[in-house]
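Right, one structure below, let's go through it.
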Amino acid sequence: MFRSSFVRRCVAKEIAKPGAGSAVLTDKDRPFALVQREVETIKGHIQQLVVNRHNEVLDHAGSYALAAGGKLMRPALVALMAHALSPAELSQRWRTEPISSLDHLPQNSINPFLRLAEVTELIHTASLVHDDVIDNSDTRRGRLALHRVYDAKRAVLAGDYLLARASFYIATLQVPRVVILMTTALEELTAGELMQMDGCFDVDRYEQKSFCKTASLIANSLASAAVLADSGNEQLETTAFEFGKHLGIAFQIVDDCLDITGDEKDLGKPKLADMKEGIATLPVLLAARQDVRVDEAVRRRFTQEGDSEYCLSVVEKSGAVAEAMARADEHCKLGIEQLSTLRPSPARDSLENALALVLNRRA
Ligand code: FPP
Ligand code: MG
C-alpha cells in the first residue's frame, strides 16, 4: 500500500487527535430504527466508493472524511422514503464492490435506492469538507477537520474528489431526472453557502438561504427516491420534495435556536457561534423586526462592541426563540400534510417521527 511521507505525517496528526469515531443511529433515534440495517450497510460500504488507487492523498482524505460517520440522517431519510414508496425494491440484493467503469456496470445488481442514499451522504460530506475550509474550523465530528490534517488546497481537492465520485455514482443509476435533481442540489448548496457568506439581513432572504444550504439536498434526494420508485409520477416527486424541503428548513431553524438555547456539551461546540461568525439566525432576524438597533447590528454583522450581547438580550425579552420554534413547528405540520397523501405504512410513520425528532433534538 502506498504511503508517502506527506500522507504519513498527516495520518500521524489525525491519530494524535482523540475523539475519532462514529455516531451511527442508535435505538433512541427511533424514527430510523426501521432502516438501521440499510444505514449499517451504507456505513460499511460508502468507504469503498472513494477508494483511489492512483492518488494516495485522495485515497486517504476520502476515507478520512467519511470515517467519522455522523448520524447518516440523509441516507436514513432516503431509505425510509424508499420503503414508504417502494418497499419491495429495498430487499433486493445490492452490489457491494465499487464500480470502476460504466462499461462494466452490472445493471441488475445495484439497489438504486441504496446507491442514491450513499450519493447523498457523499455530497453532504463533500460540502462539509469545503465548509470547514471556508469557516476555518479546526474540528469536524470530534476529529481534526480535513484541512487541518492536510492543508486547505488539498482539502478543497479532496472535497472535489468526493463530488466527482458522487457524480459518477449518480450517472450509474442512468436516470436523467435523478441527475437533474441531484445536480440542482449541488448548485443550490453552493448558492446557499454564498448567500450566507454575503449575509442574510431579513427573514425572506434567510428562508431562501436555508432552503438552498440545508433543505435542497434533502428535498432533491427524496424527490429522486420518488423518481426511482415511480418514474414520471410528478405528484409523487413533488410530495417527496416538499416533505424534504419542510423537514430541512425546520432542521435549520432548530439549529439556529440551539445556537442560542442549546447545551454546549450536547452541541459539541460553543454557543452563539453564529453571531460570532457574523451570521444572523432566525431568532435574531425576528428580533430585528421589532428593534432597530438589532437590525443595525445584523447589517454590520455584529462587528461593533456589544452587538452580540445587545441582540441576545432583545432575543430573550422578545420571545424570538419561541416564535422561531413555532415556525419550525409549522414546517413540520406542512411536512406531515405531504405524508398524508402517501399510503399508510410503518415507513410513513417513521418519516413523520423524523419530523418530531428534528423538532425535539438537542444537538
Ligand atoms: C454546514 O454549515 C455547511 C453546509 C450544510 C453546506 C456547505 C456548502 C458548501 C461549502 C458549498 C459547496 C458545496 C458542495 C456540494 C461541495 P455550518 O457552517 O452552518 O455548519 P457546521 O457548524 O456544521 O459547520
Ligand atoms: Mg461550518
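Residues in the C-alpha cells are numbered from 1 in each chain, the chains being A, B, ... in the order shown, and ligands are numbered from 1 in the order shown.
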Report task. Would you mind listing what lies within 12 Å of Thr238 (chain A) as a PyMOL selection string, with only C-alpha atoms counted and same-chain residues fewer than 5 positions away left out? Result -> chain A and resi 181+219-227+232-233+243-245+335+338-339+341-342
Query raised in the report: Could you pull the residues within 12 Å of Asp135 (chain A), counting only C-alpha atoms, minus those fewer than 2 positions along the same chain, as JSON, numbers by chain?
Result: {"A": [127, 128, 129, 130, 131, 132, 133, 137, 138, 139, 140, 145, 147, 152, 193, 196, 197, 273, 274, 276, 277, 278, 279]}
Requested in this report: Set the cut-off to 10 Å, count only C-alpha atoms and all ligand atoms, and list whatever residues fall near ligand 1 as a VMD selection string.
Outcome: chain A and resid 122 to 137 139 to 141 156 158 to 163 166 183 185 to 194 196 210 212 to 217 252 255 to 256 259 267 to 269 273 to 274 277 279
Requested in this report: Quick one: pick out all helix (DSSP H, G or I) residues within region 124-291 of chain A from a backbone DSSP run and write them as a PyMOL selection string.
Outcome: chain A and resi 124-135+146-149+152-173+176-198+203-229+234-261+264-267+273-276+282-288
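Nearest residue to Phe241 (chain A), choosing from A:Phe113, A:Leu357, A:Pro31, A:Val78 and counting only C-alpha atoms: A:Val78.
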Run DSSP on the backbone and give me the residues of region 78-266 of chain A it puts in strand (DSSP E or B), as a PDB file with all heavy atoms, in the first residue's frame.
```pdb
ATOM      1  N   THR A 139     -12.212  21.522  13.882  1.00  0.00           N
ATOM      2  CA  THR A 139     -12.684  20.139  14.056  1.00  0.00           C
ATOM      3  C   THR A 139     -13.981  19.886  13.304  1.00  0.00           C
ATOM      4  O   THR A 139     -14.722  20.810  12.977  1.00  0.00           O
ATOM      5  CB  THR A 139     -12.939  19.836  15.553  1.00  0.00           C
ATOM      6  OG1 THR A 139     -13.878  20.779  16.047  1.00  0.00           O
ATOM      7  CG2 THR A 139     -11.668  19.886  16.367  1.00  0.00           C
ATOM      8  N   ARG A 140     -14.217  18.624  13.054  1.00  0.00           N
ATOM      9  CA  ARG A 140     -15.477  18.184  12.449  1.00  0.00           C
ATOM     10  C   ARG A 140     -15.795  16.825  13.060  1.00  0.00           C
ATOM     11  O   ARG A 140     -14.958  15.940  13.049  1.00  0.00           O
ATOM     12  CB  ARG A 140     -15.308  18.099  10.924  1.00  0.00           C
ATOM     13  CG  ARG A 140     -16.387  17.394  10.165  1.00  0.00           C
ATOM     14  CD  ARG A 140     -17.720  18.092  10.205  1.00  0.00           C
ATOM     15  NE  ARG A 140     -17.743  19.431   9.629  1.00  0.00           N
ATOM     16  CZ  ARG A 140     -18.819  20.253   9.725  1.00  0.00           C
ATOM     17  NH1 ARG A 140     -19.911  19.866  10.340  1.00  0.00           N
ATOM     18  NH2 ARG A 140     -18.762  21.471   9.210  1.00  0.00           N
ATOM     19  N   ARG A 143     -13.247  15.273  15.341  1.00  0.00           N
ATOM     20  CA  ARG A 143     -11.878  14.989  14.873  1.00  0.00           C
ATOM     21  C   ARG A 143     -11.329  16.228  14.185  1.00  0.00           C
ATOM     22  O   ARG A 143     -12.067  17.161  13.895  1.00  0.00           O
ATOM     23  CB  ARG A 143     -11.861  13.850  13.851  1.00  0.00           C
ATOM     24  CG  ARG A 143     -12.699  12.679  14.259  1.00  0.00           C
ATOM     25  CD  ARG A 143     -12.397  11.436  13.487  1.00  0.00           C
ATOM     26  NE  ARG A 143     -12.358  11.623  12.049  1.00  0.00           N
ATOM     27  CZ  ARG A 143     -11.810  10.740  11.224  1.00  0.00           C
ATOM     28  NH1 ARG A 143     -11.246   9.655  11.699  1.00  0.00           N
ATOM     29  NH2 ARG A 143     -11.826  10.932   9.933  1.00  0.00           N
ATOM     30  N   LEU A 144     -10.023  16.226  13.916  1.00  0.00           N
ATOM     31  CA  LEU A 144      -9.469  17.343  13.158  1.00  0.00           C
ATOM     32  C   LEU A 144     -10.188  17.470  11.827  1.00  0.00           C
ATOM     33  O   LEU A 144     -10.443  16.464  11.167  1.00  0.00           O
ATOM     34  CB  LEU A 144      -7.988  17.098  12.866  1.00  0.00           C
ATOM     35  CG  LEU A 144      -6.947  17.399  13.943  1.00  0.00           C
ATOM     36  CD1 LEU A 144      -5.555  17.123  13.382  1.00  0.00           C
ATOM     37  CD2 LEU A 144      -7.050  18.834  14.433  1.00  0.00           C
TER      38      LEU A 144
END
```
Requested in this report: Excluding region 79-85 of chain A and any residue of its chain fewer than 2 positions from it, enumerate the residues within 7 Å of it, using only C-alpha atoms, and give them as an NGL selection string.
Outcome: :A and (35 or 75-77 or 87 or 90 or 113-114 or 117 or 222 or 225-226 or 229 or 345 or 347-348 or 351)
